[in-house]
>>> print(open('query23.txt').read())   # compact mmCIF, C-alpha atoms (C1' of nucleotides)
# COMPACT_ATOMS: atom_id res chain seq x y z
CA MET A 1 -80.69 37.82 -48.77
CA PRO A 2 -78.57 39.51 -46.14
CA PRO A 3 -74.81 39.63 -46.63
CA ALA A 4 -72.78 36.84 -45.07
CA HIS A 5 -71.16 37.79 -41.82
CA HIS A 6 -67.70 37.94 -43.29
CA ALA A 7 -68.88 40.40 -45.94
CA LEU A 8 -69.88 43.04 -43.39
CA ASP A 9 -67.84 46.17 -43.65
CA PRO A 10 -65.75 47.15 -40.64
CA GLY A 11 -68.25 49.70 -39.35
CA GLU A 12 -71.13 47.24 -39.40
CA ARG A 13 -69.02 44.63 -37.76
CA LEU A 14 -68.07 46.96 -34.94
CA ARG A 15 -71.68 47.97 -34.37
CA ALA A 16 -72.81 44.37 -34.49
CA ALA A 17 -70.38 43.65 -31.68
CA GLY A 18 -71.67 46.59 -29.65
CA LEU A 19 -68.51 48.62 -30.10
CA ARG A 20 -68.07 52.25 -31.03
CA VAL A 21 -67.07 53.00 -34.56
CA THR A 22 -63.83 54.95 -34.72
CA ARG A 23 -61.41 55.48 -37.54
CA PRO A 24 -58.53 53.63 -35.88
CA ARG A 25 -60.78 50.63 -35.36
CA THR A 26 -62.09 50.51 -38.89
CA ALA A 27 -58.57 51.09 -40.18
CA VAL A 28 -57.25 48.14 -38.16
CA LEU A 29 -60.02 45.87 -39.44
CA SER A 30 -59.37 46.93 -43.03
CA ALA A 31 -55.64 46.42 -42.62
CA LEU A 32 -56.23 42.90 -41.32
CA ALA A 33 -58.59 42.11 -44.18
CA GLU A 34 -55.72 42.76 -46.57
CA ARG A 35 -52.93 41.21 -44.52
CA PRO A 36 -53.84 38.10 -42.61
CA HIS A 37 -51.31 37.21 -39.89
CA ALA A 38 -49.88 40.74 -39.80
CA ASP A 39 -47.86 41.60 -36.72
CA THR A 40 -48.49 44.71 -34.65
CA ASP A 41 -45.81 46.71 -36.38
CA ALA A 42 -47.18 45.96 -39.83
CA ILE A 43 -50.67 46.87 -38.65
CA ILE A 44 -49.45 50.18 -37.25
CA GLY A 45 -47.77 50.93 -40.57
CA ALA A 46 -50.83 50.02 -42.61
CA VAL A 47 -53.13 52.07 -40.42
CA ARG A 48 -50.86 55.09 -40.70
CA ASP A 49 -50.66 54.75 -44.46
CA ALA A 50 -54.42 54.56 -44.82
CA PHE A 51 -55.42 57.05 -42.21
CA GLY A 52 -52.60 59.29 -41.05
CA PRO A 53 -50.77 59.58 -37.77
CA VAL A 54 -51.97 57.22 -35.04
CA SER A 55 -50.15 56.38 -31.86
CA HIS A 56 -48.89 52.86 -31.43
CA GLN A 57 -50.72 52.79 -28.15
CA ALA A 58 -54.05 53.36 -29.90
CA VAL A 59 -53.37 50.37 -32.13
CA TYR A 60 -52.44 48.18 -29.18
CA ASP A 61 -55.64 49.26 -27.44
CA VAL A 62 -57.74 48.64 -30.54
CA LEU A 63 -56.24 45.20 -31.01
CA ARG A 64 -57.02 44.28 -27.45
CA VAL A 65 -60.60 45.53 -27.70
CA LEU A 66 -61.17 43.68 -30.97
CA THR A 67 -59.60 40.53 -29.61
CA ASP A 68 -61.68 40.62 -26.44
CA ALA A 69 -64.80 41.20 -28.52
CA GLY A 70 -63.98 38.18 -30.66
CA LEU A 71 -63.65 40.15 -33.90
CA VAL A 72 -60.00 39.25 -34.36
CA ARG A 73 -57.86 36.38 -33.20
CA ARG A 74 -54.40 36.77 -31.80
CA ILE A 75 -51.82 34.12 -32.55
CA GLN A 76 -48.25 33.88 -31.41
CA PRO A 77 -46.16 30.99 -32.68
CA THR A 78 -43.05 30.38 -30.60
CA GLY A 79 -40.33 32.77 -31.63
CA SER A 80 -42.69 35.25 -33.26
CA VAL A 81 -44.25 38.45 -32.02
CA ALA A 82 -48.04 38.65 -31.74
CA ARG A 83 -49.95 38.37 -35.01
CA TYR A 84 -53.61 38.93 -35.76
CA GLU A 85 -56.19 37.62 -38.17
CA LEU A 86 -59.86 38.12 -38.96
CA ARG A 87 -60.76 34.45 -39.27
CA VAL A 88 -62.36 33.67 -35.93
CA GLY A 89 -64.61 30.93 -34.72
CA ASP A 90 -63.88 28.52 -37.55
CA ASN A 91 -61.39 26.49 -35.56
CA HIS A 92 -58.68 26.56 -38.18
CA HIS A 93 -54.97 25.99 -37.60
CA HIS A 94 -51.64 27.25 -38.92
CA VAL A 95 -48.55 26.06 -40.74
CA VAL A 96 -45.41 28.04 -39.96
CA CYS A 97 -42.23 28.03 -42.04
CA ARG A 98 -39.16 27.47 -39.87
CA SER A 99 -37.05 29.34 -42.37
CA CYS A 100 -38.91 32.52 -43.30
CA GLY A 101 -41.67 32.58 -40.70
CA THR A 102 -44.50 32.68 -43.23
CA ILE A 103 -47.80 31.54 -41.82
CA ALA A 104 -50.58 29.88 -43.78
CA ASP A 105 -54.02 28.76 -42.70
CA VAL A 106 -55.06 25.14 -42.72
CA ASP A 107 -58.62 24.08 -42.12
CA CYS A 108 -59.27 21.80 -39.24
CA ALA A 109 -59.86 18.29 -40.49
CA VAL A 110 -62.26 17.57 -37.65
CA GLY A 111 -64.26 20.77 -37.64
CA ASP A 112 -65.55 21.10 -34.12
CA THR A 113 -64.03 22.54 -30.97
CA PRO A 114 -61.92 21.25 -29.38
CA CYS A 115 -60.88 19.29 -32.42
CA LEU A 116 -58.75 16.85 -30.50
CA THR A 117 -59.13 14.93 -27.31
CA ALA A 118 -56.12 14.65 -25.09
CA SER A 119 -55.09 11.09 -24.28
CA ASP A 120 -55.29 12.02 -20.59
CA ASP A 121 -56.72 15.40 -19.65
CA ARG A 122 -54.77 15.55 -16.36
CA GLY A 123 -57.88 16.83 -14.62
CA PHE A 124 -58.18 19.88 -16.85
CA VAL A 125 -61.43 20.97 -18.46
CA ILE A 126 -60.21 21.50 -22.00
CA ASP A 127 -62.01 23.87 -24.35
CA GLU A 128 -59.55 24.32 -27.18
CA ALA A 129 -56.84 22.41 -28.98
CA GLU A 130 -54.42 24.72 -30.72
CA VAL A 131 -52.35 23.11 -33.43
CA VAL A 132 -49.27 24.57 -35.08
CA TYR A 133 -47.64 22.64 -37.90
CA TRP A 134 -43.94 23.39 -38.33
CA GLY A 135 -42.14 22.89 -41.59
CA VAL A 136 -40.57 24.57 -44.57
CA CYS A 137 -42.60 26.45 -47.15
CA SER A 138 -42.30 25.90 -50.90
CA GLY A 139 -40.41 29.17 -51.31
CA CYS A 140 -37.70 28.17 -48.83
CA GLY A 141 -37.53 24.45 -49.54
CA PRO A 142 -35.83 22.61 -52.43
CA MET B 1 -27.92 -3.77 -18.27
CA PRO B 2 -26.96 -0.19 -18.97
CA PRO B 3 -29.01 2.59 -17.42
CA ALA B 4 -31.84 3.99 -19.52
CA HIS B 5 -30.98 7.23 -21.23
CA HIS B 6 -33.19 9.29 -18.97
CA ALA B 7 -31.42 7.91 -15.94
CA LEU B 8 -28.05 9.33 -16.97
CA ASP B 9 -26.76 11.95 -14.60
CA PRO B 10 -26.25 15.46 -15.95
CA GLY B 11 -22.52 15.06 -16.45
CA GLU B 12 -22.88 11.88 -18.47
CA ARG B 13 -25.62 13.42 -20.51
CA LEU B 14 -23.51 16.42 -21.38
CA ARG B 15 -20.57 14.24 -22.38
CA ALA B 16 -22.83 12.00 -24.41
CA ALA B 17 -23.92 15.06 -26.35
CA GLY B 18 -20.32 16.13 -26.89
CA LEU B 19 -20.57 19.12 -24.60
CA ARG B 20 -18.21 20.31 -21.92
CA VAL B 21 -19.20 19.57 -18.37
CA THR B 22 -19.51 22.70 -16.27
CA ARG B 23 -21.24 23.41 -13.01
CA PRO B 24 -23.78 25.84 -14.47
CA ARG B 25 -24.75 23.25 -17.05
CA THR B 26 -25.16 20.41 -14.62
CA ALA B 27 -27.00 22.75 -12.26
CA VAL B 28 -29.45 23.74 -15.01
CA LEU B 29 -30.08 20.10 -15.90
CA SER B 30 -30.64 19.21 -12.25
CA ALA B 31 -32.97 22.15 -11.78
CA LEU B 32 -35.02 21.06 -14.78
CA ALA B 33 -35.18 17.50 -13.52
CA GLU B 34 -36.93 18.79 -10.41
CA ARG B 35 -39.07 21.46 -12.04
CA PRO B 36 -40.45 20.57 -15.42
CA HIS B 37 -41.75 23.59 -17.38
CA ALA B 38 -39.75 26.05 -15.27
CA ASP B 39 -39.27 29.49 -16.78
CA THR B 40 -35.90 31.15 -17.07
CA ASP B 41 -36.31 33.11 -13.89
CA ALA B 42 -37.15 30.04 -11.84
CA ILE B 43 -34.19 28.22 -13.35
CA ILE B 44 -31.85 31.07 -12.48
CA GLY B 45 -33.15 30.99 -8.91
CA ALA B 46 -32.78 27.23 -8.60
CA VAL B 47 -29.27 27.28 -10.02
CA ARG B 48 -28.21 30.00 -7.61
CA ASP B 49 -29.68 28.14 -4.65
CA ALA B 50 -27.87 24.94 -5.53
CA PHE B 51 -24.62 26.35 -6.70
CA GLY B 52 -24.05 29.96 -5.70
CA PRO B 53 -23.85 33.13 -7.71
CA VAL B 54 -24.28 32.71 -11.45
CA SER B 55 -25.00 35.44 -13.93
CA HIS B 56 -28.35 35.38 -15.66
CA GLN B 57 -26.46 35.55 -18.93
CA ALA B 58 -24.70 32.27 -18.17
CA VAL B 59 -28.06 30.61 -17.66
CA TYR B 60 -29.43 32.03 -20.90
CA ASP B 61 -26.33 30.77 -22.72
CA VAL B 62 -26.57 27.34 -21.12
CA LEU B 63 -30.24 27.06 -22.02
CA ARG B 64 -29.49 27.87 -25.62
CA VAL B 65 -26.64 25.40 -25.82
CA LEU B 66 -28.70 22.64 -24.24
CA THR B 67 -31.66 23.41 -26.49
CA ASP B 68 -29.52 23.39 -29.62
CA ALA B 69 -27.96 20.10 -28.54
CA GLY B 70 -31.40 18.59 -28.07
CA LEU B 71 -30.98 17.95 -24.36
CA VAL B 72 -33.81 20.25 -23.38
CA ARG B 73 -36.89 21.49 -25.14
CA ARG B 74 -38.08 25.05 -25.09
CA ILE B 75 -41.79 25.73 -25.05
CA GLN B 76 -43.59 29.01 -25.09
CA PRO B 77 -47.38 28.94 -24.90
CA THR B 78 -48.98 32.20 -26.01
CA GLY B 79 -48.90 34.69 -23.18
CA SER B 80 -46.11 32.93 -21.32
CA VAL B 81 -42.39 33.49 -21.17
CA ALA B 82 -40.05 30.75 -22.37
CA ARG B 83 -40.18 27.53 -20.40
CA TYR B 84 -37.96 24.48 -20.55
CA GLU B 85 -38.27 20.76 -19.98
CA LEU B 86 -36.09 17.67 -20.14
CA ARG B 87 -38.56 15.46 -21.98
CA VAL B 88 -37.38 15.57 -25.54
CA GLY B 89 -37.96 13.38 -28.53
CA ASP B 90 -41.05 11.69 -27.19
CA ASN B 91 -43.47 13.88 -29.11
CA HIS B 92 -45.63 14.75 -26.14
CA HIS B 93 -47.94 17.74 -25.85
CA HIS B 94 -49.12 20.18 -23.19
CA VAL B 95 -52.26 21.28 -21.39
CA VAL B 96 -52.18 24.86 -20.15
CA CYS B 97 -54.51 26.35 -17.53
CA ARG B 98 -56.00 29.63 -18.71
CA SER B 99 -56.38 30.77 -15.15
CA CYS B 100 -53.11 30.00 -13.35
CA GLY B 101 -50.84 29.13 -16.26
CA THR B 102 -49.94 25.69 -14.93
CA ILE B 103 -48.64 23.34 -17.60
CA ALA B 104 -48.99 19.57 -17.60
CA ASP B 105 -47.70 16.99 -20.03
CA VAL B 106 -50.01 14.82 -22.09
CA ASP B 107 -48.73 11.94 -24.10
CA CYS B 108 -49.37 12.00 -27.78
CA ALA B 109 -52.18 9.65 -28.63
CA VAL B 110 -50.65 8.86 -31.99
CA GLY B 111 -47.03 8.42 -31.01
CA ASP B 112 -45.05 9.24 -34.10
CA THR B 113 -43.86 12.52 -35.58
CA PRO B 114 -45.56 14.51 -36.91
CA CYS B 115 -48.53 13.12 -35.07
CA LEU B 116 -51.09 14.85 -37.24
CA THR B 117 -51.50 15.40 -40.91
CA ALA B 118 -52.76 18.76 -42.04
CA SER B 119 -55.87 18.65 -44.17
CA ASP B 120 -53.97 20.63 -46.82
CA ASP B 121 -50.26 21.22 -46.33
CA ARG B 122 -50.25 24.42 -48.43
CA GLY B 123 -47.06 23.31 -50.10
CA PHE B 124 -45.14 23.09 -46.83
CA VAL B 125 -42.97 20.14 -45.88
CA ILE B 126 -44.23 19.56 -42.37
CA ASP B 127 -42.05 17.86 -39.76
CA GLU B 128 -43.83 18.59 -36.52
CA ALA B 129 -47.32 19.14 -35.21
CA GLU B 130 -47.30 21.06 -31.96
CA VAL B 131 -50.47 20.78 -29.94
CA VAL B 132 -51.45 22.94 -26.98
CA TYR B 133 -54.64 22.13 -25.14
CA TRP B 134 -56.19 25.10 -23.35
CA GLY B 135 -58.49 24.75 -20.40
CA VAL B 136 -58.85 25.14 -16.67
CA CYS B 137 -57.00 22.96 -14.20
CA SER B 138 -58.63 21.16 -11.31
CA GLY B 139 -57.19 23.64 -8.82
CA CYS B 140 -58.75 26.63 -10.58
CA GLY B 141 -61.98 25.04 -11.79
CA PRO B 142 -65.17 24.31 -9.80
C1' DC C 1 1.08 17.27 -15.51
C1' DG C 2 1.51 21.91 -17.77
C1' DG C 3 1.22 25.23 -21.84
C1' DG C 4 -1.83 26.51 -25.39
C1' DT C 5 -6.27 26.67 -27.44
C1' DT C 6 -10.93 26.78 -27.27
C1' DT C 7 -15.07 27.47 -25.05
C1' DT C 8 -17.64 29.38 -21.32
C1' DC C 9 -18.77 32.81 -17.79
C1' DT C 10 -19.06 37.68 -15.90
C1' DT C 11 -20.14 42.32 -16.26
C1' DG C 12 -22.72 45.80 -17.86
C1' DA C 13 -25.07 47.92 -21.48
C1' DA C 14 -28.61 47.68 -25.02
C1' DC C 15 -32.92 46.31 -27.29
C1' DA C 16 -37.73 45.21 -28.59
C1' DA C 17 -42.39 44.25 -27.50
C1' DG C 18 -45.67 45.50 -24.80
C1' DT C 19 -47.86 48.01 -20.70
C1' DC C 20 -49.07 51.92 -17.50
C1' DA C 21 -50.80 56.51 -16.40
C1' DA C 22 -52.77 61.04 -16.95
C1' DG C 23 -54.81 64.33 -19.53
C1' DA C 24 -57.05 65.80 -24.18
C1' DA C 25 -60.30 64.63 -27.57
C1' DA C 26 -63.95 62.34 -29.59
C1' DA C 27 -68.30 59.59 -29.49
C1' DC C 28 -72.61 58.50 -27.60
C1' DT C 29 -76.77 59.73 -24.43
C1' DT C 30 -80.70 62.48 -22.97
C1' DA D 1 -76.41 71.02 -26.64
C1' DA D 2 -74.58 69.61 -22.16
C1' DG D 3 -72.96 65.88 -19.76
C1' DT D 4 -71.03 61.36 -19.41
C1' DT D 5 -68.45 57.81 -21.00
C1' DT D 6 -65.07 55.90 -23.82
C1' DT D 7 -61.10 56.43 -26.66
C1' DC D 8 -56.72 58.49 -28.16
C1' DT D 9 -52.13 60.88 -27.42
C1' DT D 10 -47.95 61.45 -25.15
C1' DG D 11 -44.25 59.81 -22.91
C1' DA D 12 -42.23 57.10 -19.46
C1' DC D 13 -41.46 52.45 -17.91
C1' DT D 14 -41.09 47.15 -17.35
C1' DT D 15 -39.82 42.72 -18.69
C1' DG D 16 -37.63 39.20 -21.16
C1' DT D 17 -33.95 38.64 -23.87
C1' DT D 18 -29.66 39.61 -26.52
C1' DC D 19 -24.99 41.80 -27.57
C1' DA D 20 -20.07 42.66 -26.66
C1' DA D 21 -15.61 42.39 -24.56
C1' DG D 22 -12.63 40.65 -21.41
C1' DA D 23 -11.64 37.14 -17.52
C1' DA D 24 -11.84 32.48 -16.26
C1' DA D 25 -12.38 27.73 -16.69
C1' DA D 26 -12.30 23.29 -19.27
C1' DC D 27 -10.18 20.41 -22.50
C1' DC D 28 -6.21 18.68 -25.63
C1' DC D 29 -1.71 17.06 -26.45
C1' DG D 30 2.87 16.38 -25.91
>>> encode(input="query23.txt", output="structure tokens")
Amino acid sequence: MPPAHHALDPGERLRAAGLRVTRPRTAVLSALAERPHADTDAIIGAVRDAFGPVSHQAVYDVLRVLTDAGLVRRIQPTGSVARYELRVGDNHHHVVCRSCGTIADVDCAVGDTPCLTASDDRGFVIDEAEVVYWGVCSGCGP
Amino acid sequence: MPPAHHALDPGERLRAAGLRVTRPRTAVLSALAERPHADTDAIIGAVRDAFGPVSHQAVYDVLRVLTDAGLVRRIQPTGSVARYELRVGDNHHHVVCRSCGTIADVDCAVGDTPCLTASDDRGFVIDEAEVVYWGVCSGCGP
DNA sequence: CGGGTTTTCTTGAACAAGTCAAGAAAACTT
DNA sequence: AAGTTTTCTTGACTTGTTCAAGAAAACCCG
């Protein structure tokens, strides 16, 4: 039985997507595996810890390439800088804490994309419904 | 019969919210009445056209004060700069065109806040569900 | 209506996230 | 192994937004 897609190591994943395998790319994928919802700065730090000096520009480039290839997803709740995660294609959503900014995943109750139908599509052809739940996490609340 | 709340002129609205009435503030409210979803730059331009020279800082300050007072709502779809609108408290959502960035309002099909319940709240106390529909508008599509 | 207090606006500098550009280095191709 | 393509480094730059200090305007109260 072949490994599930999410169990592929970074190198295999890159090859499967038709991308070259480079250390910065594998390092970014590994960093994201350990830190879902990490922002660019945290990713740069993690990559440097694991791998040595890398320019911030290389990480920005890698993140764009991986995002365009569909290997990572970029999210950006209002008021936050860009964050990245490995969970792609499963149509899940996020809860964000208004107090500390922590982000957690929530599965989509519906399951397919787009998971919601607008009451009036205003003439748009809609392909995705992005949902962000805002609230206060258990660590910040009473 | 008293005028509906949304029919109040900018000065009355400011006073009703306990805020001082100043020309930059009324000018920002008027600009937003004509241009829903305007970004800061467009608002600065509109205010200057209607009223004369105003510093960008004054507009940023006004927008923050009005947002904190609940007179305007700030939205920021991923990839866009901050945008503002006068429709507040009616729990509506937005459709955004991936091609030209145009934003349109869509009423919430459910009506109350939060309009969606997360499948698993992850221990958060959720007070709002923000929905952004992504697609292509009729002007950009086929 | 006028002095005093508070709040707002102007000016100008600063900041952070992200992007651009050109050359050096590494990866793939044949 | 040479050549071609893609990626990485370096460093400057842009954009949206915020900070700080003083000048000006709005409000309060007698």
>>> closest_atom_pairs(input="query23.txt", of="stretch 24-108 of chain B", to="stretch 3-21 of chain C", cutoff="10 Å", atoms="all atoms listed in the file", output="CSV")
residue,atom,partner,partner_atom,distance
B:Pro24,CA,C:DC9,C1',9.2
B:Val54,CA,C:DC9,C1',8.4
B:Ser55,CA,C:DT10,C1',6.6
B:His56,CA,C:DT10,C1',9.6
B:Gln57,CA,C:DC9,C1',8.2
B:Ala58,CA,C:DC9,C1',6.0
B:Val59,CA,C:DC9,C1',9.5
B:Asp61,CA,C:DT8,C1',8.9
B:Val62,CA,C:DT8,C1',9.2
>>> closest_atom_pairs(input="query23.txt", of="chain D", to="chain A", cutoff="12 Å", atoms="all atoms listed in the file", output="JSON lines")
{"residue": "D:DT5", "atom": "C1'", "partner": "A:Arg20", "partner_atom": "CA", "distance": 11.5}
{"residue": "D:DT6", "atom": "C1'", "partner": "A:Arg20", "partner_atom": "CA", "distance": 8.6}
{"residue": "D:DT7", "atom": "C1'", "partner": "A:Ala58", "partner_atom": "CA", "distance": 8.3}
{"residue": "D:DC8", "atom": "C1'", "partner": "A:Ala58", "partner_atom": "CA", "distance": 6.0}
{"residue": "D:DT9", "atom": "C1'", "partner": "A:Ser55", "partner_atom": "CA", "distance": 6.6}
{"residue": "D:DT10", "atom": "C1'", "partner": "A:Ser55", "partner_atom": "CA", "distance": 8.7}
{"residue": "D:DG11", "atom": "C1'", "partner": "A:Gln57", "partner_atom": "CA", "distance": 10.9}
{"residue": "D:DT17", "atom": "C1'", "partner": "A:Gly79", "partner_atom": "CA", "distance": 11.6}
>>> closest_atom_pairs(input="query23.txt", of="chain B", to="chain A", cutoff="9 Å", atoms="only C-alpha atoms", output="Markdown table")
| residue | atom | partner | partner_atom | distance |
| --- | --- | --- | --- | --- |
| B:Ile75 | CA | A:Thr78 | CA | 7.3 |
| B:Gln76 | CA | A:Thr78 | CA | 5.7 |
| B:Pro77 | CA | A:Thr78 | CA | 7.3 |
| B:Thr78 | CA | A:Gln76 | CA | 5.7 |
| B:Gly79 | CA | A:Gln76 | CA | 8.3 |
| B:Ala82 | CA | A:Thr78 | CA | 8.8 |
| B:His93 | CA | A:Ala118 | CA | 8.8 |
| B:Val95 | CA | A:Asp121 | CA | 7.6 |
| B:Val96 | CA | A:Phe124 | CA | 8.5 |
| B:Cys97 | CA | A:Phe124 | CA | 7.5 |
| B:Ala104 | CA | A:Arg122 | CA | 7.1 |
| B:Asp105 | CA | A:Arg122 | CA | 8.1 |
| B:Val106 | CA | A:Asp120 | CA | 6.2 |
| B:Asp107 | CA | A:Ser119 | CA | 6.4 |
| B:Cys108 | CA | A:Ser119 | CA | 6.8 |
| B:Ala109 | CA | A:Ser119 | CA | 5.4 |
| B:Pro114 | CA | A:Tyr133 | CA | 8.5 |
| B:Leu116 | CA | A:Tyr133 | CA | 8.5 |
| B:Thr117 | CA | A:Tyr133 | CA | 8.7 |
| B:Ala118 | CA | A:Val106 | CA | 6.8 |
| B:Ser119 | CA | A:Ala109 | CA | 5.4 |
| B:Asp120 | CA | A:Val106 | CA | 6.2 |
| B:Asp121 | CA | A:Val106 | CA | 7.2 |
| B:Arg122 | CA | A:Ala104 | CA | 7.2 |
| B:Gly123 | CA | A:Ser138 | CA | 5.5 |
| B:Phe124 | CA | A:Cys137 | CA | 4.2 |
| B:Val125 | CA | A:Gly135 | CA | 5.2 |
| B:Ile126 | CA | A:Gly135 | CA | 4.0 |
| B:Asp127 | CA | A:Gly135 | CA | 5.4 |
| B:Glu128 | CA | A:Trp134 | CA | 5.1 |
| B:Ala129 | CA | A:Tyr133 | CA | 4.4 |
| B:Glu130 | CA | A:Val132 | CA | 5.1 |
| B:Val131 | CA | A:Val131 | CA | 4.6 |
| B:Val132 | CA | A:Glu130 | CA | 5.1 |
| B:Tyr133 | CA | A:Ala129 | CA | 4.4 |
| B:Trp134 | CA | A:Glu128 | CA | 5.2 |
| B:Gly135 | CA | A:Ile126 | CA | 4.0 |
| B:Val136 | CA | A:Val125 | CA | 5.2 |
| B:Cys137 | CA | A:Phe124 | CA | 4.2 |
| B:Ser138 | CA | A:Gly123 | CA | 5.5 |
| B:Gly139 | CA | A:Phe124 | CA | 8.9 |
| B:Gly141 | CA | A:Val125 | CA | 7.8 |
>>> atom_distance(input="query23.txt", atom1="atom CA of A:Leu32", atom2="atom C1' of C:DA25")
26.0 Å
>>> closest_residue(input="query23.txt", among="B:Val21, B:Val28, B:Ala16, B:Ala33", to="chain C", atoms="all atoms listed in the file")
B:Val21
>>> atom_distance(input="query23.txt", atom1="atom CA of B:Val88", atom2="atom CA of B:Ala38")
14.9 Å
